[in-house]
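Colleague: Attaching a single structure in C-alpha cells format; questions to follow.
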Amino acid sequence: MYRFLIVGCGYVGSAIGRSLSEKRQKVWGMVRSQDHAATLNQAGIMPYVCDLTRPETLQQLPAADFVVICPAPDKRDVKSYQAVYLKGIQNFLNAYAKQASPQLTIYVSSTGVYGNQGGEWVDEATEPMPDTDLAKVLLEAEKQILASPFSSVIFRLGGIYGPGRNQMETFRKKKMKIETEERWLNLIHIDDIAQTARALLNRTQPNSVYLGVDDEPVRRSVFLDWLSKHSGNSFPAVKRISQTDKIIGKRCRNQALKALGIQLKYPTFREGYGALLVPLDNRK
C-alpha cells in the first residue's frame, strides 16, 4: 500500500483521491474547511484541514510516497491566483521539504498556458505562450514546481467536465442565450483525469509534461450543435466566421499519454456527454 497526499481536494483533487482510495491506497486530502473534510471522509479520503496561504498550518503534514498538487482559488483574478498558485504552493513546498521526500509529485496545470495558437496543433514540445495574466501565473507555478527539490511531473488539463460540472448544467442554470465565439475546444472527462493521474504516478519519468485532453479537439459550433440535437435543449449560437479567419484557440494532442498505454474511457466528447444525458434528464 502506498501513501498519497492530494494538495487541494476540489472537483479534480477529490476525483483523483477517490480513484486512489478505491484501489485500497492510503490517501490524505488537504482542504480548508471542516465541512469539506466530512465529505472526504465519506469518500474514503483522510482529510487534513489547512490553508496553503498560512504557513503555520502546514507544519505537520502527513508523509506520502506520492503527492498530487491541484489547489484552486475561490476567485478567478490575478491576486487570488498568485496567492494560491505561487505563494501557497511555495509555502507547501518549503514545509514539505522539511518533512518528507515523496517519490514523485504531479502538478495539475492547464493547457491555457499555450495561449491562443490560431487553431494550430500543440503538444508537450510546444513553447507555452500564455496570453492572459491568469495563464501567466499558472506557467510560473509550473516553473516553481520543477525547480523544487522533488521529482515532478506537469499534467496540463484541457476543459474539464463530468457530473456536476458540464456545459448542459451551466447553460441551464444561467439560461444563456447569447451568441458565443467560435473556437477550438480540448476536453477531458473527470473520470479520465483520475485514471490518467493514477497511471502517471507509476509510469512516467520525472520532469515530464503531459497534456490531459481527449482524442478529438472540437469546434465549439460542432460541440453545441451536437448537444442541442442529443439533449433536446437549445444552446447559444456560435458567431459565424469568414473562411479567411483563423479559429481561436489550439488543438491539443495527447500522444504522450497514449505512449504510456493509457486508454481513455471517454475518447471524445460524444461518449462523455452521452453518458451524462440520462442522469441530467432524471433531474428535471
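We label chains A, B, ... in the order they appear in the C-alpha cells, count residues from 1 in each chain, and number ligands from 1 in the order shown.
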Each residue of segment 25-133 of chain A with at least one atom at most 12 Å from segment 213-234 of chain A should appear once, together with its nearest atom pair and the corresponding distance in Å (one decimal); atoms considered: only C-alpha atoms; ordering: chain, then increasing residue number; output as CSV.
Modeller:
```
residue,atom,partner,partner_atom,distance
A:Ser110,CA,A:Val213,CA,10.2
A:Thr111,CA,A:Val213,CA,8.9
A:Gly119,CA,A:Arg219,CA,9.8
A:Glu120,CA,A:Pro217,CA,11.0
A:Trp121,CA,A:Pro217,CA,9.6
A:Val122,CA,A:Pro217,CA,11.1
A:Asp123,CA,A:Val213,CA,10.5
A:Glu124,CA,A:Val213,CA,11.9
```
Colleague: From segment 118-153 of chain A, collect each residue whose DSSP state is strand (DSSP E) and return the set as an MDAnalysis selection string.
Modeller: chainID A and resid 121:122 152:153
Colleague: Tell me, as a ChimeraX atom specification, which residues lie within 8 Å of segment 41-55 of chain A, counting only C-alpha atoms; anything in the same chain fewer than 3 positions away does not count.
Modeller: /A:17-18,21-22,26-34,37-38,58-59,61,83-84,87-89,91-92,95
Colleague: For segment 153-166 of chain A, work out the shell of residues within 10 Å, counting only C-alpha atoms and skipping chain neighbours fewer than 6 positions away, then give it as a ChimeraX atom specification.
Modeller: /A:11-12,68-70,104-114,124,142-143,145-146,185-193,196-197,200-201,204-214,217,252,269,272-273,275-276,279-280
Colleague: Would you tabulate, counting only C-alpha atoms, all residues of segment 173-216 of chain A that have an atom at most 7 Å from an atom of segment 244-251 of chain A, showing the closest pair of atoms and their distance in Å to one decimal, sorted by chain then ascending number, as CSV?
Modeller:
```
residue,atom,partner,partner_atom,distance
A:Glu182,CA,A:Ile247,CA,6.5
A:Arg183,CA,A:Ile248,CA,4.5
A:Trp184,CA,A:Gly249,CA,5.3
A:Asn186,CA,A:Arg251,CA,6.7
```
